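Data from input.cif: mmCIF, C-alpha atoms and all ligand atoms
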data_run
loop_
_atom_site.label_atom_id
_atom_site.label_comp_id
_atom_site.auth_asym_id
_atom_site.auth_seq_id
_atom_site.Cartn_x
_atom_site.Cartn_y
_atom_site.Cartn_z
CA MET A 1 29.24 -42.95 15.80
CA LYS A 2 26.91 -40.10 14.77
CA LYS A 3 27.93 -36.63 15.84
CA VAL A 4 26.22 -33.33 16.50
CA TYR A 5 28.02 -30.01 16.87
CA SER A 6 26.77 -27.02 18.85
CA VAL A 7 28.09 -23.58 17.92
CA VAL A 8 28.58 -21.20 20.85
CA GLY A 9 30.42 -17.93 21.21
CA ALA A 10 28.71 -15.64 23.70
CA ARG A 11 27.81 -15.89 27.38
CA PRO A 12 24.10 -16.76 27.08
CA GLN A 13 24.94 -19.54 24.64
CA PHE A 14 27.19 -21.30 27.13
CA VAL A 15 24.19 -21.50 29.46
CA LYS A 16 21.82 -22.74 26.74
CA ALA A 17 24.29 -25.24 25.27
CA ALA A 18 25.15 -26.60 28.73
CA VAL A 19 21.74 -28.16 29.27
CA VAL A 20 21.68 -29.49 25.70
CA ALA A 21 25.18 -30.97 26.15
CA HIS A 22 24.00 -32.71 29.33
CA ALA A 23 20.92 -34.05 27.52
CA PHE A 24 23.14 -35.46 24.73
CA ALA A 25 25.42 -37.01 27.34
CA ARG A 26 22.43 -39.09 28.52
CA GLN A 27 22.13 -40.63 25.01
CA LYS A 28 24.06 -43.55 23.58
CA ASN A 29 25.26 -43.72 19.97
CA VAL A 30 25.69 -39.99 19.46
CA GLU A 31 28.57 -37.67 20.27
CA HIS A 32 27.99 -34.01 20.95
CA HIS A 33 30.79 -31.44 20.64
CA LEU A 34 31.09 -27.70 21.00
CA ILE A 35 32.64 -25.21 18.63
CA HIS A 36 33.52 -21.98 20.45
CA THR A 37 33.90 -19.10 18.02
CA GLY A 38 35.71 -16.88 20.53
CA GLN A 39 33.13 -14.06 20.31
CA HIS A 40 33.38 -13.78 24.12
CA PHE A 41 36.81 -14.74 25.30
CA ASP A 42 37.52 -13.17 28.74
CA GLU A 43 37.79 -15.64 31.62
CA ASN A 44 34.76 -14.11 33.38
CA MET A 45 32.65 -14.02 30.19
CA SER A 46 33.61 -17.48 28.96
CA GLY A 47 36.04 -19.73 30.88
CA VAL A 48 34.14 -19.60 34.16
CA PHE A 49 31.00 -20.91 32.44
CA PHE A 50 32.72 -24.04 31.17
CA ASP A 51 33.93 -24.85 34.70
CA GLU A 52 30.72 -23.99 36.52
CA LEU A 53 28.25 -25.50 34.09
CA GLU A 54 30.38 -28.64 33.83
CA ILE A 55 30.47 -28.65 30.07
CA PRO A 56 33.29 -30.29 28.14
CA ALA A 57 35.97 -28.05 26.64
CA PRO A 58 35.17 -27.12 23.03
CA LEU A 59 36.46 -29.56 20.41
CA HIS A 60 37.27 -26.54 18.25
CA GLN A 61 38.25 -23.20 19.75
CA LEU A 62 38.31 -20.32 17.27
CA GLU A 63 39.57 -16.88 18.19
CA ILE A 64 37.26 -14.52 16.39
CA GLY A 65 36.26 -11.67 18.65
CA GLY A 66 36.37 -7.89 18.71
CA LEU A 67 35.68 -7.32 15.01
CA SER A 68 32.93 -5.50 13.12
CA HIS A 69 29.79 -7.55 12.45
CA GLY A 70 30.74 -8.25 8.84
CA ALA A 71 34.33 -9.22 9.54
CA MET A 72 33.37 -11.35 12.53
CA THR A 73 30.56 -13.20 10.77
CA GLY A 74 32.65 -13.66 7.63
CA ARG A 75 35.63 -15.15 9.42
CA MET A 76 33.42 -17.42 11.48
CA LEU A 77 31.67 -18.62 8.34
CA GLU A 78 34.95 -19.38 6.61
CA GLN A 79 36.50 -21.20 9.55
CA MET A 80 33.40 -23.19 10.45
CA GLU A 81 32.90 -24.27 6.85
CA ALA A 82 36.42 -25.73 6.90
CA ILE A 83 35.70 -27.56 10.16
CA PHE A 84 32.36 -28.94 8.93
CA LEU A 85 33.87 -30.10 5.64
CA LYS A 86 36.60 -31.94 7.49
CA ASP A 87 34.61 -33.37 10.42
CA ARG A 88 31.24 -33.86 8.67
CA PRO A 89 28.94 -33.57 11.69
CA ASP A 90 25.49 -35.10 11.12
CA ALA A 91 23.72 -31.97 12.44
CA VAL A 92 24.65 -28.53 13.74
CA ILE A 93 22.80 -26.75 16.56
CA VAL A 94 22.83 -22.97 16.91
CA TYR A 95 21.44 -20.89 19.75
CA GLY A 96 19.72 -17.51 19.94
CA ASP A 97 20.71 -14.50 17.91
CA THR A 98 24.43 -13.80 17.80
CA ASN A 99 26.88 -13.54 14.90
CA SER A 100 28.14 -17.01 15.89
CA THR A 101 24.59 -18.34 15.44
CA LEU A 102 24.17 -16.89 11.98
CA ALA A 103 27.64 -17.93 10.83
CA GLY A 104 27.23 -21.49 12.13
CA ALA A 105 23.84 -21.86 10.46
CA LEU A 106 25.04 -20.53 7.10
CA ALA A 107 28.23 -22.57 7.09
CA ALA A 108 26.32 -25.80 7.75
CA VAL A 109 23.30 -25.28 5.50
CA LYS A 110 25.44 -24.43 2.46
CA ILE A 111 27.11 -27.83 2.65
CA HIS A 112 23.82 -29.62 3.35
CA ILE A 113 24.31 -30.35 7.01
CA PRO A 114 20.95 -30.05 8.83
CA VAL A 115 20.70 -27.06 11.13
CA ALA A 116 18.65 -26.84 14.34
CA HIS A 117 17.90 -23.40 15.79
CA ILE A 118 17.17 -23.16 19.50
CA GLU A 119 15.14 -20.11 20.55
CA ALA A 120 13.52 -19.85 17.12
CA GLY A 121 10.67 -17.48 16.27
CA LEU A 122 11.56 -14.66 18.68
CA ARG A 123 11.10 -11.19 17.24
CA SER A 124 11.64 -7.73 18.66
CA MET A 125 10.26 -6.24 15.41
CA ASN A 126 13.22 -3.84 15.50
CA ARG A 127 15.38 -4.48 12.47
CA ALA A 128 17.96 -1.94 13.65
CA MET A 129 19.11 -4.56 16.18
CA PRO A 130 21.85 -6.85 14.86
CA GLU A 131 20.27 -9.65 16.89
CA GLU A 132 16.97 -9.31 14.99
CA ILE A 133 18.69 -9.79 11.63
CA ASN A 134 20.61 -12.78 12.94
CA ARG A 135 17.41 -14.40 14.26
CA ILE A 136 15.39 -13.90 11.10
CA ALA A 137 18.12 -15.13 8.78
CA THR A 138 18.89 -18.14 10.99
CA ASP A 139 15.24 -19.17 11.28
CA HIS A 140 14.85 -19.12 7.51
CA VAL A 141 17.81 -21.39 6.77
CA SER A 142 17.23 -23.89 9.57
CA ASP A 143 15.79 -27.39 9.19
CA LEU A 144 14.53 -27.72 12.75
CA LEU A 145 13.12 -24.75 14.63
CA PHE A 146 12.75 -25.09 18.37
CA ALA A 147 10.28 -22.48 19.60
CA PRO A 148 10.14 -21.70 23.32
CA HIS A 149 6.37 -21.13 23.20
CA ALA A 150 3.35 -21.17 20.90
CA ALA A 151 3.61 -17.48 19.98
CA ALA A 152 7.10 -18.02 18.56
CA ALA A 153 5.84 -20.98 16.53
CA ASP A 154 2.94 -18.87 15.22
CA GLN A 155 5.40 -16.16 14.17
CA LEU A 156 7.46 -18.68 12.20
CA MET A 157 4.38 -20.02 10.43
CA ALA A 158 3.25 -16.46 9.65
CA GLU A 159 6.62 -16.00 7.95
CA GLY A 160 5.93 -19.06 5.78
CA ILE A 161 8.02 -21.68 7.60
CA PRO A 162 6.29 -25.08 7.40
CA ALA A 163 4.82 -26.41 10.66
CA SER A 164 6.64 -29.71 10.11
CA LYS A 165 9.98 -28.00 10.86
CA ILE A 166 8.76 -26.37 14.07
CA SER A 167 8.61 -27.89 17.57
CA ILE A 168 7.36 -26.08 20.65
CA VAL A 169 9.63 -27.40 23.37
CA GLY A 170 9.81 -24.71 26.09
CA ASP A 171 12.85 -22.65 26.92
CA VAL A 172 16.28 -24.16 27.55
CA MET A 173 17.04 -21.24 29.88
CA PHE A 174 14.20 -22.42 32.11
CA ASP A 175 15.89 -25.85 32.18
CA ALA A 176 19.18 -24.15 33.05
CA SER A 177 17.75 -22.04 35.82
CA ILE A 178 16.14 -25.11 37.43
CA THR A 179 19.26 -27.26 37.07
CA TYR A 180 21.76 -24.73 38.27
CA SER A 181 19.59 -23.07 40.95
CA ARG A 182 19.52 -26.45 42.64
CA ALA A 183 23.28 -26.57 42.32
CA THR A 184 23.69 -23.11 43.90
CA GLU A 185 22.46 -24.32 47.26
CA ASN A 186 25.94 -25.34 48.35
CA ALA A 187 27.83 -22.80 46.28
CA PRO A 188 29.95 -20.10 47.90
CA ASP A 189 27.60 -17.31 48.83
CA ILE A 190 28.11 -14.26 46.65
CA LEU A 191 25.84 -12.24 48.92
CA ASN A 192 28.17 -12.78 51.86
CA ALA A 193 31.18 -12.04 49.72
CA LEU A 194 29.62 -8.72 48.70
CA ASN A 195 28.18 -8.07 52.17
CA LEU A 196 24.65 -7.80 50.77
CA GLU A 197 21.40 -8.40 52.64
CA PRO A 198 18.78 -10.41 50.71
CA GLY A 199 16.08 -8.10 49.34
CA SER A 200 18.13 -4.96 49.94
CA TYR A 201 19.23 -4.25 46.36
CA ALA A 202 18.15 -4.10 42.75
CA LEU A 203 20.26 -6.21 40.39
CA ALA A 204 21.06 -4.56 37.06
CA THR A 205 22.75 -5.56 33.81
CA VAL A 206 23.36 -3.26 30.82
CA HIS A 207 25.08 -4.38 27.63
CA ARG A 208 22.85 -4.07 24.52
CA ALA A 209 24.53 -2.09 21.76
CA GLU A 210 21.47 0.16 21.40
CA ASN A 211 22.09 1.36 24.99
CA THR A 212 25.87 1.29 25.24
CA ASP A 213 26.62 2.82 21.86
CA SER A 214 24.42 5.87 22.43
CA ARG A 215 25.77 8.46 24.88
CA GLU A 216 22.24 9.78 25.41
CA ARG A 217 20.77 6.40 26.29
CA LEU A 218 23.67 5.34 28.51
CA GLU A 219 23.53 8.64 30.35
CA GLY A 220 19.74 8.32 30.71
CA ILE A 221 20.16 4.88 32.26
CA PHE A 222 22.80 5.91 34.80
CA THR A 223 20.90 9.09 35.67
CA GLY A 224 17.84 6.91 36.23
CA PHE A 225 19.91 4.67 38.52
CA ARG A 226 21.02 7.74 40.49
CA LEU A 227 17.40 8.85 40.92
CA VAL A 228 16.50 5.41 42.29
CA GLY A 229 18.71 6.26 45.26
CA GLN A 230 18.64 2.72 46.67
CA PRO A 231 21.46 0.20 46.21
CA ILE A 232 21.88 -1.23 42.73
CA VAL A 233 24.35 -4.06 42.11
CA LEU A 234 25.66 -4.07 38.54
CA PRO A 235 27.95 -6.80 37.17
CA LEU A 236 29.47 -4.73 34.42
CA HIS A 237 29.80 -6.08 30.90
CA PRO A 238 33.18 -5.17 29.34
CA ARG A 239 31.47 -3.33 26.47
CA THR A 240 29.62 -1.08 28.92
CA ARG A 241 32.75 -0.45 30.97
CA GLY A 242 34.51 0.71 27.82
CA LYS A 243 31.65 2.98 26.74
CA LEU A 244 31.26 4.63 30.17
CA ALA A 245 34.93 5.55 29.98
CA GLU A 246 34.72 6.66 26.35
CA PHE A 247 31.73 8.94 27.05
CA GLY A 248 33.22 10.17 30.37
CA LEU A 249 30.05 9.22 32.29
CA ASP A 250 30.09 9.02 36.09
CA VAL A 251 28.74 6.07 37.98
CA PRO A 252 26.37 7.19 40.79
CA ALA A 253 27.33 6.38 44.37
CA ASN A 254 24.36 4.03 44.91
CA VAL A 255 25.47 1.83 41.99
CA ARG A 256 27.87 -0.89 43.02
CA LEU A 257 29.88 -2.03 40.03
CA ILE A 258 31.25 -5.54 40.17
CA GLU A 259 33.02 -7.66 37.58
CA PRO A 260 30.78 -10.00 35.53
CA VAL A 261 30.00 -13.01 37.72
CA GLY A 262 29.68 -16.72 36.94
CA PHE A 263 26.26 -18.21 36.29
CA ARG A 264 25.77 -19.67 39.75
CA ALA A 265 26.61 -16.38 41.45
CA MET A 266 24.30 -14.62 39.00
CA LEU A 267 21.41 -16.92 39.90
CA GLN A 268 22.02 -16.21 43.58
CA LEU A 269 22.09 -12.47 42.98
CA GLU A 270 18.83 -12.75 41.02
CA ARG A 271 17.15 -14.92 43.64
CA HIS A 272 17.80 -12.43 46.43
CA ALA A 273 17.30 -9.15 44.55
CA ARG A 274 14.32 -6.91 45.31
CA CYS A 275 13.87 -6.44 41.58
CA ILE A 276 15.88 -6.83 38.38
CA VAL A 277 16.73 -4.09 35.90
CA THR A 278 18.17 -5.18 32.57
CA ASP A 279 18.46 -4.93 28.82
CA SER A 280 19.45 -8.59 28.55
CA GLY A 281 17.19 -11.11 26.87
CA GLY A 282 18.16 -13.95 29.17
CA VAL A 283 18.01 -11.96 32.38
CA GLN A 284 14.43 -10.79 31.64
CA LYS A 285 13.38 -14.42 31.69
CA GLU A 286 15.50 -15.38 34.66
CA ALA A 287 13.83 -12.57 36.65
CA PHE A 288 10.52 -14.28 35.90
CA PHE A 289 11.87 -17.73 36.76
CA MET A 290 12.99 -16.30 40.11
CA ARG A 291 9.63 -14.54 40.52
CA LYS A 292 11.20 -11.11 40.63
CA PRO A 293 9.65 -8.06 38.96
CA CYS A 294 11.75 -6.90 36.01
CA VAL A 295 12.29 -3.41 34.59
CA THR A 296 13.59 -3.60 31.02
CA LEU A 297 15.81 -0.85 29.64
CA ARG A 298 14.60 -1.23 26.08
CA ASP A 299 11.89 0.16 23.85
CA GLU A 300 10.69 -3.28 22.81
CA THR A 301 11.29 -6.90 23.80
CA GLU A 302 11.13 -10.30 22.15
CA TRP A 303 9.63 -11.68 25.37
CA THR A 304 6.34 -9.78 25.11
CA GLU A 305 4.39 -12.30 27.18
CA LEU A 306 6.30 -11.14 30.26
CA VAL A 307 5.05 -7.61 29.70
CA ASP A 308 1.51 -8.87 29.03
CA CYS A 309 1.34 -10.73 32.34
CA GLY A 310 2.76 -7.83 34.36
CA TRP A 311 6.15 -9.30 35.32
CA ASN A 312 8.11 -6.99 33.04
CA ALA A 313 7.87 -3.21 32.62
CA LEU A 314 9.40 -1.85 29.40
CA VAL A 315 10.78 1.60 30.17
CA GLY A 316 13.47 2.37 27.59
CA ALA A 317 16.40 4.58 28.58
CA LYS A 318 14.70 7.68 30.02
CA ALA A 319 15.90 8.52 33.53
CA GLN A 320 12.54 9.45 35.12
CA ALA A 321 10.75 6.42 33.73
CA ILE A 322 13.51 4.10 34.96
CA ALA A 323 13.53 5.61 38.44
CA ALA A 324 9.73 5.43 38.74
CA ALA A 325 9.55 1.82 37.55
CA VAL A 326 12.42 0.56 39.73
CA THR A 327 11.11 2.33 42.81
CA SER A 328 7.59 0.94 42.41
CA ALA A 329 8.48 -2.54 41.03
CA ALA A 330 6.27 -5.21 42.58
CA ALA A 331 5.66 -8.86 41.72
CA PRO A 332 2.18 -9.71 40.39
CA THR A 333 0.38 -12.47 42.29
CA ALA A 334 -0.16 -14.82 39.32
CA TRP A 335 2.84 -16.67 37.87
CA PRO A 336 1.72 -18.29 34.60
CA SER A 337 3.63 -21.22 33.16
CA LEU A 338 5.09 -19.68 30.00
CA TYR A 339 8.26 -21.56 29.12
CA GLY A 340 7.52 -25.26 29.37
CA GLU A 341 8.24 -27.83 32.00
CA GLY A 342 12.02 -27.55 32.29
CA ASP A 343 12.58 -30.45 29.88
CA ALA A 344 13.21 -28.47 26.68
CA SER A 345 16.71 -29.85 26.25
CA ASP A 346 15.55 -33.48 26.36
CA LYS A 347 12.79 -32.73 23.85
CA ILE A 348 15.29 -31.00 21.56
CA VAL A 349 17.72 -33.91 21.65
CA ALA A 350 14.92 -36.42 21.00
CA ARG A 351 13.76 -34.46 17.94
CA VAL A 352 17.31 -33.94 16.58
CA LEU A 353 17.84 -37.70 16.78
CA THR A 354 14.88 -38.22 14.43
CA LEU A 355 16.64 -36.36 11.60
CA PRO A 356 17.27 -38.81 8.74
CA ALA A 357 21.03 -38.16 9.01
CA LEU A 358 20.96 -39.33 12.62
CA ALA A 359 18.16 -41.87 12.72
CA GLY A 360 19.84 -44.24 10.25
N1 LIG B 1 25.02 -13.67 33.35
C1 LIG B 1 26.02 -14.15 34.17
N2 LIG B 1 26.85 -13.26 34.80
C2 LIG B 1 26.73 -11.91 34.65
C3 LIG B 1 25.69 -11.43 33.81
C4 LIG B 1 24.86 -12.33 33.16
O1 LIG B 1 26.14 -15.35 34.36
O2 LIG B 1 27.53 -11.17 35.22
C5 LIG B 1 24.15 -14.64 32.66
C6 LIG B 1 22.68 -14.45 32.92
O3 LIG B 1 22.31 -15.07 34.13
C7 LIG B 1 22.05 -15.08 31.70
C8 LIG B 1 23.06 -14.80 30.62
O4 LIG B 1 24.29 -14.47 31.27
O5 LIG B 1 21.94 -16.48 31.84
C9 LIG B 1 22.57 -13.62 29.82
O6 LIG B 1 23.54 -13.20 28.99
P1 LIG B 1 23.62 -11.75 28.36
O7 LIG B 1 22.83 -10.82 29.20
O8 LIG B 1 25.06 -11.48 28.15
O9 LIG B 1 22.97 -11.94 26.92
P2 LIG B 1 21.49 -11.90 26.33
O10 LIG B 1 20.65 -12.85 27.11
O11 LIG B 1 21.03 -10.50 26.39
O12 LIG B 1 21.66 -12.35 24.92
#
Would you write out, as structure tokens, the structure that this file holds?
Ligand code: UDP
Amino acid sequence: MKKVYSVVGARPQFVKAAVVAHAFARQKNVEHHLIHTGQHFDENMSGVFFDELEIPAPLHQLEIGGLSHGAMTGRMLEQMEAIFLKDRPDAVIVYGDTNSTLAGALAAVKIHIPVAHIEAGLRSMNRAMPEEINRIATDHVSDLLFAPHAAAADQLMAEGIPASKISIVGDVMFDASITYSRATENAPDILNALNLEPGSYALATVHRAENTDSRERLEGIFTGFRLVGQPIVLPLHPRTRGKLAEFGLDVPANVRLIEPVGFRAMLQLERHARCIVTDSGGVQKEAFFMRKPCVTLRDETEWTELVDCGWNALVGAKAQAIAAAVTSAAAPTAWPSLYGEGDASDKIVARVLTLPALAG
């Protein structure tokens, strides 16, 4: 039996890999397994996703979290190389832009196992972001590049990657939001649990290193939240919780901190928010999928088309700009189709199965 491994490690990758795992499960003659690097390991950042998204437990569970970028990537590379040499998967799939993605791609390509990169061709054009380095390096060692839209494919070709390696398939997160939104209909209602009225709150997430690691930016963001005055619900990433404490920053009274929530609860919170405020890549898109205006706490974004069509306002970390944008956020009338038809995962699996190593 042929086998394909997906490397995951961080929260957004569990969501992306879930729909790909389900698409593989619909195929005969190929096994699909997960390697979990352990980059995110808390129950509410990892375990809950495996239960809720109904994905099989990882075949290999590594425990490599909480290290510097170099140490983390190096240990992942070493341990995944050993696994790949022993198990000899016929292809390896990596997702997005994390250290797990880069390490998985490098480990596989060096021993001539074909690598497929999902969410290829995205660029923030900010090389100070660790994610940007991971994306660029991964794209350039991959055999199959799955671009979510034509602009990402154009970027890859502009960087000299041959068109034959690139497929425009749409965005697996769009697939996930369709699949799991449907499944939230009968899910326990997080709004009731939190005593929230639909439309009465802004939903916020903050976790990017560029915001959390700078006292000035983190303070700017929370001051901006205070100026908004209206209720803001914020499922707090552990990194941000740690940095707020380290910098001694106060959380304004209108900001309701909650623990990170599972994906289904997150989709419900998004669906019923007045607007979404975030520095997350995935949440910017989910805001659009849910037709909610998004305010992005960054100076640039990989998802520029959302800014171009008016669904996303890039405001950075300045308090006044955040407050003004959140207070005035309104959904445009037009909702262009930007991320495919919700069948990206099936297209990805079909293309992976055409690799010589798998087609034989
Ligand atoms: N998410 C979640 N619970 C939360 C916060 C986020 O399920 O408390 C989901 C969110 O819906 C999206 C993904 O996690 O699908 C985004 O992950 P994150 O923001 O950590 O990473 P990024 O997309 O910025 O790489």
Checklist line | Env. residues ligand LIG 1 (chain B) / 9 Å / only C-alpha atoms and all ligand atoms / as an MDAnalysis selection string | finding: chainID A and resid 10:16 44:45 49 96:98 131 173 176:177 204:208 234:237 258:267 270 278:286
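Across the structure, CA of Leu106 (chain A) and CA of Gly170 (chain A) are spaced 24.7 Å apart.
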Next item on the list: Can you work out which one of A:Ser214, A:Ser142, A:Ser337, A:Asn192 has the shortest atom-to-atom distance to Ile113 (chain A), counting all atoms listed in the file?
Entry: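 Selected residue with least distance to Ile113 (chain A): A:Ser142.
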Notebook entry, point to check: Pick the closest to Ser167 (chain A) from A:Ala357, A:Val307, A:Ile221, A:Val349: which is it, counting only C-alpha atoms?
Noted result: A:Val349
Margin query: Could you check the closest approach to Cys294 (chain A) for each of A:Arg274, A:His60, A:Lys28, A:His40 and tell me which residue wins, using only C-alpha atoms?
Written below: A:Arg274
Note to self: Which residues are close to Thr138 (chain A), i.e. within 12 Å by only C-alpha atoms, leaving aside same-chain residues fewer than 2 positions away? Reply as a PyMOL selection string.
What the structure shows: chain A and resi 93-109+115-122+131-136+140-146+156+161
Take the residues just selected and output them with C-alpha atoms as an mmCIF file, in the coordinates of the input.
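Listed below is the output, part.cif:
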data_model
loop_
_atom_site.group_PDB
_atom_site.id
_atom_site.type_symbol
_atom_site.label_atom_id
_atom_site.label_comp_id
_atom_site.auth_asym_id
_atom_site.auth_seq_id
_atom_site.Cartn_x
_atom_site.Cartn_y
_atom_site.Cartn_z
ATOM 1 C CA ILE A 93 22.800 -26.750 16.560
ATOM 2 C CA VAL A 94 22.830 -22.970 16.910
ATOM 3 C CA TYR A 95 21.440 -20.890 19.750
ATOM 4 C CA GLY A 96 19.720 -17.510 19.940
ATOM 5 C CA ASP A 97 20.710 -14.500 17.910
ATOM 6 C CA THR A 98 24.430 -13.800 17.800
ATOM 7 C CA ASN A 99 26.880 -13.540 14.900
ATOM 8 C CA SER A 100 28.140 -17.010 15.890
ATOM 9 C CA THR A 101 24.590 -18.340 15.440
ATOM 10 C CA LEU A 102 24.170 -16.890 11.980
ATOM 11 C CA ALA A 103 27.640 -17.930 10.830
ATOM 12 C CA GLY A 104 27.230 -21.490 12.130
ATOM 13 C CA ALA A 105 23.840 -21.860 10.460
ATOM 14 C CA LEU A 106 25.040 -20.530 7.100
ATOM 15 C CA ALA A 107 28.230 -22.570 7.090
ATOM 16 C CA ALA A 108 26.320 -25.800 7.750
ATOM 17 C CA VAL A 109 23.300 -25.280 5.500
ATOM 18 C CA VAL A 115 20.700 -27.060 11.130
ATOM 19 C CA ALA A 116 18.650 -26.840 14.340
ATOM 20 C CA HIS A 117 17.900 -23.400 15.790
ATOM 21 C CA ILE A 118 17.170 -23.160 19.500
ATOM 22 C CA GLU A 119 15.140 -20.110 20.550
ATOM 23 C CA ALA A 120 13.520 -19.850 17.120
ATOM 24 C CA GLY A 121 10.670 -17.480 16.270
ATOM 25 C CA LEU A 122 11.560 -14.660 18.680
ATOM 26 C CA GLU A 131 20.270 -9.650 16.890
ATOM 27 C CA GLU A 132 16.970 -9.310 14.990
ATOM 28 C CA ILE A 133 18.690 -9.790 11.630
ATOM 29 C CA ASN A 134 20.610 -12.780 12.940
ATOM 30 C CA ARG A 135 17.410 -14.400 14.260
ATOM 31 C CA ILE A 136 15.390 -13.900 11.100
ATOM 32 C CA HIS A 140 14.850 -19.120 7.510
ATOM 33 C CA VAL A 141 17.810 -21.390 6.770
ATOM 34 C CA SER A 142 17.230 -23.890 9.570
ATOM 35 C CA ASP A 143 15.790 -27.390 9.190
ATOM 36 C CA LEU A 144 14.530 -27.720 12.750
ATOM 37 C CA LEU A 145 13.120 -24.750 14.630
ATOM 38 C CA PHE A 146 12.750 -25.090 18.370
ATOM 39 C CA LEU A 156 7.460 -18.680 12.200
ATOM 40 C CA ILE A 161 8.020 -21.680 7.600
#
Notebook entry, point to check: What gap, in Å, lies between CA of Met1 (chain A) and CA of Leu59 (chain A)?
Noted result: 15.9 Å
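Among the candidate residues A:Ala18, A:Ala331, A:Met72, A:Leu269, the one lying nearest to Asp51 (chain A) is A:Ala18, with distances computed using all atoms listed in the file.
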Could you give me, as a PDB file with C-alpha atoms, keeping the file's coordinate frame, the residues within 9 Å of Thr327 (chain A), counting all atoms listed in the file and dropping anything in the same chain fewer than 2 positions from it?
ATOM      1  CA  VAL A 228      16.500   5.410  42.290  1.00  0.00           C
ATOM      2  CA  GLY A 229      18.710   6.260  45.260  1.00  0.00           C
ATOM      3  CA  GLN A 230      18.640   2.720  46.670  1.00  0.00           C
ATOM      4  CA  ILE A 322      13.510   4.100  34.960  1.00  0.00           C
ATOM      5  CA  ALA A 323      13.530   5.610  38.440  1.00  0.00           C
ATOM      6  CA  ALA A 324       9.730   5.430  38.740  1.00  0.00           C
ATOM      7  CA  ALA A 325       9.550   1.820  37.550  1.00  0.00           C
ATOM      8  CA  ALA A 329       8.480  -2.540  41.030  1.00  0.00           C
ATOM      9  CA  ALA A 330       6.270  -5.210  42.580  1.00  0.00           C
TER      10      ALA A 330
END
Next item on the list: Kindly give the distance, in Å, that separates CA of Ala17 (chain A) and CA of Glu81 (chain A), rounded to a single decimal.
Entry: 20.4 Å
Notebook entry, point to check: Which is closer to Arg26 (chain A) than all the others in A:Asp346, A:Phe222, A:Cys309, A:Gln155, using all atoms listed in the file?
Noted result: A:Asp346
Note to self: With distances taken over only C-alpha atoms, which residue among A:His149, A:His272, A:His33, A:Arg256 lies nearest Glu305 (chain A)?
What the structure shows: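 Closest to Glu305 (chain A), using only C-alpha atoms: A:His149.
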Find the residues near Gln39 (chain A): any atom within 7 Å, counting all atoms listed in the file, skip ones fewer than 4 places away on the same chain, and give them as a compact mmCIF listing (two decimals) with C-alpha atoms, in the coordinates of the input.
# COMPACT_ATOMS: atom_id res chain seq x y z
CA GLY A 9 30.42 -17.93 21.21
CA ALA A 10 28.71 -15.64 23.70
CA ILE A 64 37.26 -14.52 16.39
CA GLY A 65 36.26 -11.67 18.65
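Close contacts of Pro198 (chain A), defined as residues with an atom at most 12 Å away when counting only C-alpha atoms, with chain neighbours fewer than 3 positions off set aside, comprise Asp189, Ile190, Leu191, Asn192, Leu194, Asn195, Tyr201, Ala202, Leu203, Pro231, Gln268, Leu269, Glu270, Arg271, His272, Ala273, Arg274 and Cys275 of chain A.
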Output as a PDB file, keeping the file's coordinate frame: region 129-139 of chain A, completed with N, CA and C atoms.
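So selection-v8.pdb came out as:
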ATOM      1  N   MET A 129      18.292  -3.742  15.270  1.00  0.00           N
ATOM      2  CA  MET A 129      19.110  -4.560  16.180  1.00  0.00           C
ATOM      3  C   MET A 129      19.840  -5.635  15.395  1.00  0.00           C
ATOM      4  N   PRO A 130      21.158  -5.759  15.572  1.00  0.00           N
ATOM      5  CA  PRO A 130      21.850  -6.850  14.860  1.00  0.00           C
ATOM      6  C   PRO A 130      21.263  -8.216  15.207  1.00  0.00           C
ATOM      7  N   GLU A 131      20.824  -8.359  16.455  1.00  0.00           N
ATOM      8  CA  GLU A 131      20.270  -9.650  16.890  1.00  0.00           C
ATOM      9  C   GLU A 131      19.034 -10.027  16.069  1.00  0.00           C
ATOM     10  N   GLU A 132      18.217  -9.023  15.712  1.00  0.00           N
ATOM     11  CA  GLU A 132      16.970  -9.310  14.990  1.00  0.00           C
ATOM     12  C   GLU A 132      17.292  -9.881  13.596  1.00  0.00           C
ATOM     13  N   ILE A 133      18.293  -9.297  12.954  1.00  0.00           N
ATOM     14  CA  ILE A 133      18.690  -9.790  11.630  1.00  0.00           C
ATOM     15  C   ILE A 133      19.229 -11.209  11.748  1.00  0.00           C
ATOM     16  N   ASN A 134      20.044 -11.435  12.755  1.00  0.00           N
ATOM     17  CA  ASN A 134      20.610 -12.780  12.940  1.00  0.00           C
ATOM     18  C   ASN A 134      19.502 -13.811  13.169  1.00  0.00           C
ATOM     19  N   ARG A 135      18.495 -13.449  13.958  1.00  0.00           N
ATOM     20  CA  ARG A 135      17.410 -14.400  14.260  1.00  0.00           C
ATOM     21  C   ARG A 135      16.607 -14.726  13.004  1.00  0.00           C
ATOM     22  N   ILE A 136      16.250 -13.676  12.278  1.00  0.00           N
ATOM     23  CA  ILE A 136      15.390 -13.900  11.100  1.00  0.00           C
ATOM     24  C   ILE A 136      16.125 -14.765  10.087  1.00  0.00           C
ATOM     25  N   ALA A 137      17.365 -14.383   9.791  1.00  0.00           N
ATOM     26  CA  ALA A 137      18.120 -15.130   8.780  1.00  0.00           C
ATOM     27  C   ALA A 137      18.317 -16.586   9.235  1.00  0.00           C
ATOM     28  N   THR A 138      18.642 -16.775  10.491  1.00  0.00           N
ATOM     29  CA  THR A 138      18.890 -18.140  10.990  1.00  0.00           C
ATOM     30  C   THR A 138      17.619 -18.977  10.914  1.00  0.00           C
ATOM     31  N   ASP A 139      16.502 -18.406  11.338  1.00  0.00           N
ATOM     32  CA  ASP A 139      15.240 -19.170  11.280  1.00  0.00           C
ATOM     33  C   ASP A 139      14.956 -19.647   9.858  1.00  0.00           C
TER      34      ASP A 139
END
